[in-house]
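The block underneath contains the structure these notes are about, expressed in structure tokens.
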There are 2 protein chains.
Amino acid sequence: MTEIRQIVLAKRPEGDVTADCFRAETAASPVLADGQILVRTLFLSLDPYMRPRMTELNSYVPAFELGKPLTGGAVGEVVETRNPRFAKGDIVNGLLNWATHTLHDGRGLRKIDATGVPLSAHLGVLGMPSFTAWYGIKHICKPKAGETVFVSAATGAVGQVAGQLAKLAGATVVGCAGDEEKCQWAVREAGYDACFNHRTERDYGAVLDKLCPKGIDADFENAGGRIFHAVFARMNDFGRIAFCGAISEYQDKEPIAGPTKMFTIVQRRLNLQGFIISDHVALMGDFVNEVGGLLKQGKLKARETVIDGLANAPQAFMGLLKGENFGKLVVKV
Amino acid sequence: MTEIRQIVLAKRPEGDVTADCFRAETAASPVLADGQILVRTLFLSLDPYMRPRMTELNSYVPAFELGKPLTGGAVGEVVETRNPRFAKGDIVNGLLNWATHTLHDGRGLRKIDATGVPLSAHLGVLGMPSFTAWYGIKHICKPKAGETVFVSAATGAVGQVAGQLAKLAGATVVGCAGDEEKCQWAVREAGYDACFNHRTERDYGAVLDKLCPKGIDADFENAGGRIFHAVFARMNDFGRIAFCGAISEYQDKEPIAGPTKMFTIVQRRLNLQGFIISDHVALMGDFVNEVGGLLKQGKLKARETVIDGLANAPQAFMGLLKGENFGKLVVKV
């Protein structure tokens with residue numbers, strides 16, 4: 001009989017997420033009802049959007065429940081099945097618990113081909129973060145050759161793909177990241193034209209004026225806060241802002257004010273479009289064709305950090321919110 | 001020989017526009033070169049967007065030049081012509097000087113049919129403000145039956161048409177205006193479901209919660225500032241914001257911060273689209289067909305304030321920026 005180890009939400013954070021927001025528990029293996037499967041977690045994805053789920057009311061996905069396991073994108077293996085759609089040994093991708101095993105009815109789980117690429121890639125460059133980047137660049141930012149695109153969190157799981165896709169479209173691509181090593185990787189490996197360190201750079205306006213002398217035509221927004229304010233003020237006419245996240249604002253107790261001079265939206269005829277990738281699953285096939293093709297041709301670099309062991313997930317997640325990861329963050333369970 | 005009276009920009013305002021920003025001058029009638037016409041101004045349109053033109057660098061239309069006449073939308077009569085496209089007596093619509101007469105090369109002037117509706121209507125319900133309202137409602141807000149639409153400056157030249165078009169689309173329409181009389185007109189004549197007085201109402205959030213209990217699906221934004229912040233926080237999923245103006249922010253010396261929690265754009269998948277009607281002249285025919293048809297059927301109410309005499313234009317414009325006009329503001333020259 002399998003013992004299940006899992007991590008539950010012990011309390012809702014105020015400000016920074018702390019270790020006591022999580023609690024490790026064990027549970028007895030469940031008895032499967034008709035239609036259910038038991039999935040053993042192989043890789044668990046840690047993503048910034050999980051932070052709002054720990055507290056927010058009215059967030060776009062329901063808040064995590066207190067005392068229940070957190071959930072997230074994951075790759076797992078079916079180890080027991082009473083569902084005819086799934087066979088023992090199937091590798092599946094979808095939402096699973098922060099747990100060694102998840103009892104599941106199979107809805108929302110996709111069987112994946114486990115050959116060819118590392119399994120963790122299905123959580124990154126072939127998964128939700130990359131799909132998010134592709135949608136925002138392709139359907140909102142729509143960069144053209146000669147334009148300037150800015151990407152905050154330039155080496156994050158989403159940003160690293162967004163920047164490379166903008167570059168492949170012929171744009172000049174400028175980003176920011178949280179340390180020198182990331183900035184160097186962005187330029188040397190991911191092909192960014194420039195990337196500044198937002199922790200050591202004090203005057204975001206001045207560095208953007210230098211790196212984006214022709215202004216900014218499209219912004220793939222992951223950061224929010226002061227970085228966004230400086231970008232917003234430098235948007236060109238008919239600029240597009242794909243609003244994907246605002247990681248710099250997630251842990252603030254007091255809400256941060258938006259950029260000054262909202263009239264800029266009129267003057268510059270800006271388009272700001274917020275989006276959540278789960279609204280666009282109908283486009284998943286297009287994404288897989290296009291980005292899968294680029295991967296096969298060696299045209300996309302992917303960087304990930306793999307953390308070993310479910311017990312280390314809370315610490316890794318706290319680090320993610322402070323930008324301590326490099327690239328896509330996954331936990332090998 | 002005609003003496004031309006005109007009003008020039010004497011100095012750029014800081015904060016509120018003051019009377020000494022304007023200077024009345026007279027000039028001798030010009031001698032027409034080949035291709036030129038002399039147009040006598042009949043009605044001059046005063047619009048909030050002129051305020052940014054008095055100071056802003058990088059505004060969407062060039063700033064007014066110091067010592068030169070201000071310009072604006074106008075209806076005039078051709079009194080002299082050396083341009084084969086125009087005959088003496090033609091009534092034209094386009095940008096003219098704040099002056100009794102404008103020397104013009106005819107570019108951008110449209111001949112209009114002077115019968116049927118009052119000439120001043122070509123500056124309001126058949127003109128640029130109405131075209132602006134139609135574009136923002138039809139192409140950005142896209143209200144559906146049962147949705148809630150908010151319109152700030154609800155009885156202004158743009159807002160009064162925006163509200164009526166949203167109502168005709170079957171939406172619940174809520175607005176705000178600067179005095180009780182305007183609010184009453186909005187509800188009784190223009191068909192708003194509710195309109196609150198933003199000068200006496202202190203807690204915009206509370207009044208919006210009351211008047212828009214199902215949240216706001218589309219916002220036709222004319223005001224900016226605190227009103228916008230309260231609306232922004234109450235947008236529903238997939239809400240649309242047509243950003244047309246920000247009159248409450250035009251005269252502030254210190255830029256006003258944007259709304260808190262820009263992450264709302266992501267959570268709610270909001271679309272914010274800034275627009276300027278001059279980018280969309282290709283759609284003028286569609287507008288004239290649709291809105292002209294509604295007018296003929298008596299389905300659109302229009303309210304205007306007519307000021308007599310060019311010399312009173314500066315005072316009327318200063319009043320406009322403080323919301324003292326009621327409906328479309330025109331000067332009979």
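Letters A, B, ... go to the chains of the structure tokens in the order shown; residues in each chain start at 1; ligands are counted from 1 in the same order.
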>> So that I can see what lies close to stretch 298-303 of chain B, please list as JSON, numbers by chain the residues with an atom at most 12 Å from it, counting only C-alpha atoms and leaving out residues fewer than 2 positions away in the same chain.
In response: {"B": [117, 118, 120, 121, 122, 123, 124, 125, 126, 127, 129, 130, 154, 155, 156, 157, 158, 159, 160, 161, 162, 163, 164, 165, 166, 167, 168, 182, 185, 186, 187, 188, 189, 190, 191, 192, 290, 291, 292, 293, 294, 295, 296, 305, 306, 325, 326, 327, 328, 329, 330]}
Selection above as a file: C-alpha atoms, as a short mmCIF file (atom, residue, chain, number, x, y, z; two decimals), in the first residue's frame:
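Produced file selection-v6.cif, reproduced below:
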data_model
loop_
_atom_site.label_atom_id
_atom_site.label_comp_id
_atom_site.auth_asym_id
_atom_site.auth_seq_id
_atom_site.Cartn_x
_atom_site.Cartn_y
_atom_site.Cartn_z
CA VAL B 117 -29.76 69.76 -39.46
CA PRO B 118 -28.41 72.87 -37.73
CA SER B 120 -23.53 73.23 -35.34
CA ALA B 121 -24.61 69.57 -35.37
CA HIS B 122 -21.70 68.92 -37.73
CA LEU B 123 -19.43 69.67 -34.77
CA GLY B 124 -21.36 67.47 -32.36
CA VAL B 125 -23.85 64.72 -32.98
CA LEU B 126 -22.87 64.46 -36.66
CA GLY B 127 -19.25 65.40 -36.12
CA PRO B 129 -17.30 63.95 -30.90
CA SER B 130 -20.07 61.67 -32.06
CA ALA B 154 -21.88 61.24 -19.38
CA THR B 155 -23.45 64.34 -20.89
CA GLY B 156 -20.39 65.73 -22.64
CA ALA B 157 -20.32 65.91 -26.41
CA VAL B 158 -18.76 62.45 -26.63
CA GLY B 159 -20.28 60.84 -23.55
CA GLN B 160 -23.88 61.66 -24.38
CA VAL B 161 -23.62 59.77 -27.67
CA ALA B 162 -21.58 56.92 -26.17
CA GLY B 163 -24.20 56.36 -23.50
CA GLN B 164 -27.08 56.38 -25.95
CA LEU B 165 -25.33 53.99 -28.34
CA ALA B 166 -24.58 51.59 -25.48
CA LYS B 167 -28.22 51.80 -24.42
CA LEU B 168 -29.38 51.06 -27.97
CA LYS B 182 -26.83 67.04 -16.16
CA TRP B 185 -30.89 65.02 -18.38
CA ALA B 186 -28.77 61.87 -18.75
CA VAL B 187 -31.49 59.71 -17.22
CA ARG B 188 -34.62 61.45 -18.54
CA GLU B 189 -33.49 62.37 -22.03
CA ALA B 190 -30.48 60.25 -22.94
CA GLY B 191 -31.83 57.08 -21.37
CA TYR B 192 -29.06 56.33 -18.88
CA GLU B 290 -25.37 54.47 -38.83
CA VAL B 291 -25.60 57.55 -36.62
CA GLY B 292 -27.25 59.67 -39.31
CA GLY B 293 -29.89 56.95 -39.58
CA LEU B 294 -30.48 56.95 -35.82
CA LEU B 295 -30.84 60.73 -35.86
CA LYS B 296 -33.40 60.62 -38.64
CA THR B 305 -24.35 74.91 -25.50
CA VAL B 306 -23.82 77.72 -27.98
CA ASN B 325 -20.71 73.51 -20.24
CA PHE B 326 -23.70 71.25 -20.77
CA GLY B 327 -23.34 68.97 -23.77
CA LYS B 328 -21.44 69.88 -26.87
CA LEU B 329 -19.82 73.33 -26.60
CA VAL B 330 -19.69 75.48 -29.73
#
> When DSSP works through the backbone of this structure, what residues of stretch 142-312 of chain B end up as helix (DSSP H, G or I), shown as a PyMOL selection string?
Replying inline: chain B and resi 159-168+180-188+204-211+225-232+247-249+264-267+277-296+310-312
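Minimum distance to B:Ala194 across B:Thr41, B:Thr172, B:Asn289, B:Ser278 (counting only C-alpha atoms) occurs at B:Thr172.
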> Near chain B, which residues of chain A fall within 8 Å when you count only C-alpha atoms, and what do they look like as a PyMOL selection string?
Replying inline: chain A and resi 59-60+224+243-246+249+255-263+265-276
With C-alpha atoms kept, could you save the residues just selected as a PDB file, in the first residue's frame?
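Saved as result-v9.pdb:
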ATOM      1  CA  SER A  59      -8.441  35.565  -8.689  1.00  0.00           C
ATOM      2  CA  TYR A  60      -8.722  34.038 -12.102  1.00  0.00           C
ATOM      3  CA  GLY A 224       4.654  45.216 -12.984  1.00  0.00           C
ATOM      4  CA  PHE A 243      -0.001  41.875 -19.551  1.00  0.00           C
ATOM      5  CA  CYS A 244       0.977  38.413 -18.384  1.00  0.00           C
ATOM      6  CA  GLY A 245       1.959  38.959 -14.759  1.00  0.00           C
ATOM      7  CA  ALA A 246       3.161  41.396 -12.150  1.00  0.00           C
ATOM      8  CA  GLU A 249       3.563  43.289  -6.922  1.00  0.00           C
ATOM      9  CA  PRO A 255      -1.139  47.847  -3.344  1.00  0.00           C
ATOM     10  CA  ILE A 256       1.285  49.620  -5.658  1.00  0.00           C
ATOM     11  CA  ALA A 257      -0.088  52.546  -7.673  1.00  0.00           C
ATOM     12  CA  GLY A 258      -0.180  52.253 -11.435  1.00  0.00           C
ATOM     13  CA  PRO A 259       1.947  54.362 -13.757  1.00  0.00           C
ATOM     14  CA  THR A 260       1.408  58.109 -13.793  1.00  0.00           C
ATOM     15  CA  LYS A 261      -0.201  59.772 -16.795  1.00  0.00           C
ATOM     16  CA  MET A 262      -2.711  57.160 -17.851  1.00  0.00           C
ATOM     17  CA  PHE A 263      -3.538  59.635 -20.627  1.00  0.00           C
ATOM     18  CA  ILE A 265      -2.756  55.307 -23.311  1.00  0.00           C
ATOM     19  CA  VAL A 266      -4.708  57.798 -25.430  1.00  0.00           C
ATOM     20  CA  GLN A 267      -1.781  59.843 -26.678  1.00  0.00           C
ATOM     21  CA  ARG A 268       0.104  56.766 -27.804  1.00  0.00           C
ATOM     22  CA  ARG A 269      -2.989  54.749 -28.744  1.00  0.00           C
ATOM     23  CA  LEU A 270      -1.705  51.929 -26.589  1.00  0.00           C
ATOM     24  CA  ASN A 271      -3.305  48.552 -26.326  1.00  0.00           C
ATOM     25  CA  LEU A 272      -2.993  46.806 -22.960  1.00  0.00           C
ATOM     26  CA  GLN A 273      -4.291  43.279 -22.993  1.00  0.00           C
ATOM     27  CA  GLY A 274      -4.352  41.068 -19.939  1.00  0.00           C
ATOM     28  CA  PHE A 275      -4.429  37.369 -20.638  1.00  0.00           C
ATOM     29  CA  ILE A 276      -4.428  33.982 -18.998  1.00  0.00           C
TER      30      ILE A 276
END
>> Need to verify the contact set: A:Ile4, 10 Å, only C-alpha atoms, exclusion of same-chain residues closer than 2 positions in sequence. Can you return it as an MDAnalysis selection string?
In response: chainID A and resid 1:2 6 25:30 40 99:102
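Coordinates place atom CA of A:Val174 at a distance of 8.7 Å from atom CA of A:Leu208.
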>> With DSSP run on the backbone, what are the strand (DSSP E or B) residues within stretch 113-256 of chain A? I'd like them as a list in words.
In response: Thr148, Val149, Phe150, Val151, Thr172, Val173, Val174, Gly175, Cys176, Ala177, Ala194, Cys195, Phe196, Asn197, Ile216, Asp217, Ala218, Asp219, Phe220, Glu221, Met235, Asn236, Asp237, Phe238, Gly239, Arg240, Ile241, Ala242 and Phe243 of chain A
Keeping only N, CA and C atoms, write the selected residues as a PDB file, in the first residue's frame.
ATOM      1  N   THR A 148      11.111  47.490 -31.455  1.00  0.00           N
ATOM      2  CA  THR A 148      11.772  47.173 -30.192  1.00  0.00           C
ATOM      3  C   THR A 148      10.761  46.538 -29.246  1.00  0.00           C
ATOM      4  N   VAL A 149      11.143  45.373 -28.706  1.00  0.00           N
ATOM      5  CA  VAL A 149      10.284  44.655 -27.758  1.00  0.00           C
ATOM      6  C   VAL A 149      11.002  44.577 -26.418  1.00  0.00           C
ATOM      7  N   PHE A 150      10.271  44.845 -25.346  1.00  0.00           N
ATOM      8  CA  PHE A 150      10.844  44.709 -24.009  1.00  0.00           C
ATOM      9  C   PHE A 150      10.197  43.523 -23.292  1.00  0.00           C
ATOM     10  N   VAL A 151      11.035  42.761 -22.579  1.00  0.00           N
ATOM     11  CA  VAL A 151      10.542  41.603 -21.822  1.00  0.00           C
ATOM     12  C   VAL A 151      11.094  41.694 -20.403  1.00  0.00           C
ATOM     13  N   THR A 172      14.288  44.086 -32.290  1.00  0.00           N
ATOM     14  CA  THR A 172      15.317  44.315 -31.296  1.00  0.00           C
ATOM     15  C   THR A 172      14.696  43.974 -29.953  1.00  0.00           C
ATOM     16  N   VAL A 173      15.356  43.140 -29.155  1.00  0.00           N
ATOM     17  CA  VAL A 173      14.746  42.659 -27.919  1.00  0.00           C
ATOM     18  C   VAL A 173      15.614  43.035 -26.726  1.00  0.00           C
ATOM     19  N   VAL A 174      15.005  43.739 -25.796  1.00  0.00           N
ATOM     20  CA  VAL A 174      15.689  44.190 -24.589  1.00  0.00           C
ATOM     21  C   VAL A 174      14.929  43.624 -23.396  1.00  0.00           C
ATOM     22  N   GLY A 175      15.675  43.206 -22.374  1.00  0.00           N
ATOM     23  CA  GLY A 175      15.019  42.638 -21.196  1.00  0.00           C
ATOM     24  C   GLY A 175      15.681  43.081 -19.916  1.00  0.00           C
ATOM     25  N   CYS A 176      15.119  42.624 -18.822  1.00  0.00           N
ATOM     26  CA  CYS A 176      15.798  42.806 -17.546  1.00  0.00           C
ATOM     27  C   CYS A 176      15.672  41.515 -16.755  1.00  0.00           C
ATOM     28  N   ALA A 177      16.654  41.283 -15.898  1.00  0.00           N
ATOM     29  CA  ALA A 177      16.661  40.086 -15.061  1.00  0.00           C
ATOM     30  C   ALA A 177      17.361  40.448 -13.751  1.00  0.00           C
ATOM     31  N   ALA A 194      20.044  43.240 -25.509  1.00  0.00           N
ATOM     32  CA  ALA A 194      20.571  43.804 -24.258  1.00  0.00           C
ATOM     33  C   ALA A 194      19.685  43.327 -23.119  1.00  0.00           C
ATOM     34  N   CYS A 195      20.269  43.263 -21.934  1.00  0.00           N
ATOM     35  CA  CYS A 195      19.512  42.863 -20.747  1.00  0.00           C
ATOM     36  C   CYS A 195      20.149  43.558 -19.555  1.00  0.00           C
ATOM     37  N   PHE A 196      19.340  44.295 -18.781  1.00  0.00           N
ATOM     38  CA  PHE A 196      19.931  44.961 -17.618  1.00  0.00           C
ATOM     39  C   PHE A 196      19.501  44.289 -16.324  1.00  0.00           C
ATOM     40  N   ASN A 197      20.322  44.486 -15.318  1.00  0.00           N
ATOM     41  CA  ASN A 197      20.094  43.893 -13.999  1.00  0.00           C
ATOM     42  C   ASN A 197      19.215  44.841 -13.186  1.00  0.00           C
ATOM     43  N   ILE A 216       9.765  51.927 -27.268  1.00  0.00           N
ATOM     44  CA  ILE A 216       9.365  50.521 -27.133  1.00  0.00           C
ATOM     45  C   ILE A 216       8.043  50.328 -27.872  1.00  0.00           C
ATOM     46  N   ASP A 217       8.023  49.366 -28.774  1.00  0.00           N
ATOM     47  CA  ASP A 217       6.816  49.111 -29.564  1.00  0.00           C
ATOM     48  C   ASP A 217       5.921  48.057 -28.937  1.00  0.00           C
ATOM     49  N   ALA A 218       6.541  47.127 -28.226  1.00  0.00           N
ATOM     50  CA  ALA A 218       5.737  46.083 -27.579  1.00  0.00           C
ATOM     51  C   ALA A 218       6.419  45.681 -26.280  1.00  0.00           C
ATOM     52  N   ASP A 219       5.602  45.408 -25.296  1.00  0.00           N
ATOM     53  CA  ASP A 219       6.098  45.038 -23.965  1.00  0.00           C
ATOM     54  C   ASP A 219       5.437  43.734 -23.553  1.00  0.00           C
ATOM     55  N   PHE A 220       6.255  42.759 -23.232  1.00  0.00           N
ATOM     56  CA  PHE A 220       5.726  41.518 -22.662  1.00  0.00           C
ATOM     57  C   PHE A 220       5.911  41.656 -21.162  1.00  0.00           C
ATOM     58  N   GLU A 221       4.810  41.952 -20.462  1.00  0.00           N
ATOM     59  CA  GLU A 221       4.908  42.403 -19.077  1.00  0.00           C
ATOM     60  C   GLU A 221       4.766  41.254 -18.084  1.00  0.00           C
ATOM     61  N   MET A 235       6.574  53.903 -24.274  1.00  0.00           N
ATOM     62  CA  MET A 235       5.912  53.180 -25.367  1.00  0.00           C
ATOM     63  C   MET A 235       5.748  54.106 -26.571  1.00  0.00           C
ATOM     64  N   ASN A 236       5.925  53.545 -27.747  1.00  0.00           N
ATOM     65  CA  ASN A 236       5.703  54.282 -28.983  1.00  0.00           C
ATOM     66  C   ASN A 236       4.226  54.261 -29.378  1.00  0.00           C
ATOM     67  N   ASP A 237       3.876  55.113 -30.337  1.00  0.00           N
ATOM     68  CA  ASP A 237       2.516  55.127 -30.866  1.00  0.00           C
ATOM     69  C   ASP A 237       2.105  53.721 -31.292  1.00  0.00           C
ATOM     70  N   PHE A 238       0.876  53.367 -30.975  1.00  0.00           N
ATOM     71  CA  PHE A 238       0.293  52.070 -31.333  1.00  0.00           C
ATOM     72  C   PHE A 238       1.026  50.904 -30.672  1.00  0.00           C
ATOM     73  N   GLY A 239       1.639  51.181 -29.517  1.00  0.00           N
ATOM     74  CA  GLY A 239       2.348  50.135 -28.788  1.00  0.00           C
ATOM     75  C   GLY A 239       1.399  49.112 -28.189  1.00  0.00           C
ATOM     76  N   ARG A 240       1.897  47.892 -28.050  1.00  0.00           N
ATOM     77  CA  ARG A 240       1.107  46.782 -27.503  1.00  0.00           C
ATOM     78  C   ARG A 240       1.749  46.295 -26.216  1.00  0.00           C
ATOM     79  N   ILE A 241       0.932  46.103 -25.200  1.00  0.00           N
ATOM     80  CA  ILE A 241       1.427  45.588 -23.929  1.00  0.00           C
ATOM     81  C   ILE A 241       0.672  44.301 -23.610  1.00  0.00           C
ATOM     82  N   ALA A 242       1.389  43.194 -23.640  1.00  0.00           N
ATOM     83  CA  ALA A 242       0.804  41.906 -23.260  1.00  0.00           C
ATOM     84  C   ALA A 242       0.995  41.768 -21.758  1.00  0.00           C
ATOM     85  N   PHE A 243      -0.106  41.867 -21.014  1.00  0.00           N
ATOM     86  CA  PHE A 243      -0.001  41.875 -19.551  1.00  0.00           C
ATOM     87  C   PHE A 243      -0.183  40.445 -19.061  1.00  0.00           C
TER      88      PHE A 243
END
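Among the candidates B:Ala171, B:Gly285, B:Thr115, B:Thr81, the one nearest to B:Cys141 when counting only C-alpha atoms is B:Ala171.
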>> Need the shell around B:Val333: protein/DNA/RNA residues with any atom at most 8 Å away, counting only C-alpha atoms. Skip same-chain ones fewer than 3 positions apart. Format as a PyMOL selection string?
In response: chain B and resi 41-44+100+308-310
> Contacts of B:Ile112 at 9 Å or less, counting only C-alpha atoms, minus same-chain residues fewer than 6 places along, as number ranges by chain?
Replying inline: B: 75, 90-93, 122
>> Residues within 9 Å of A:Pro13, please, as a PyMOL selection string. Count only C-alpha atoms; anything in the same chain fewer than 6 positions from it doesn't count.
In response: chain A and resi 20-21+51+54-55+251
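Among the candidates B:Val31, B:Leu109, B:Leu38, B:Leu46, the residue lying nearest to B:Gln315 is B:Leu46 (atoms considered: only C-alpha atoms).
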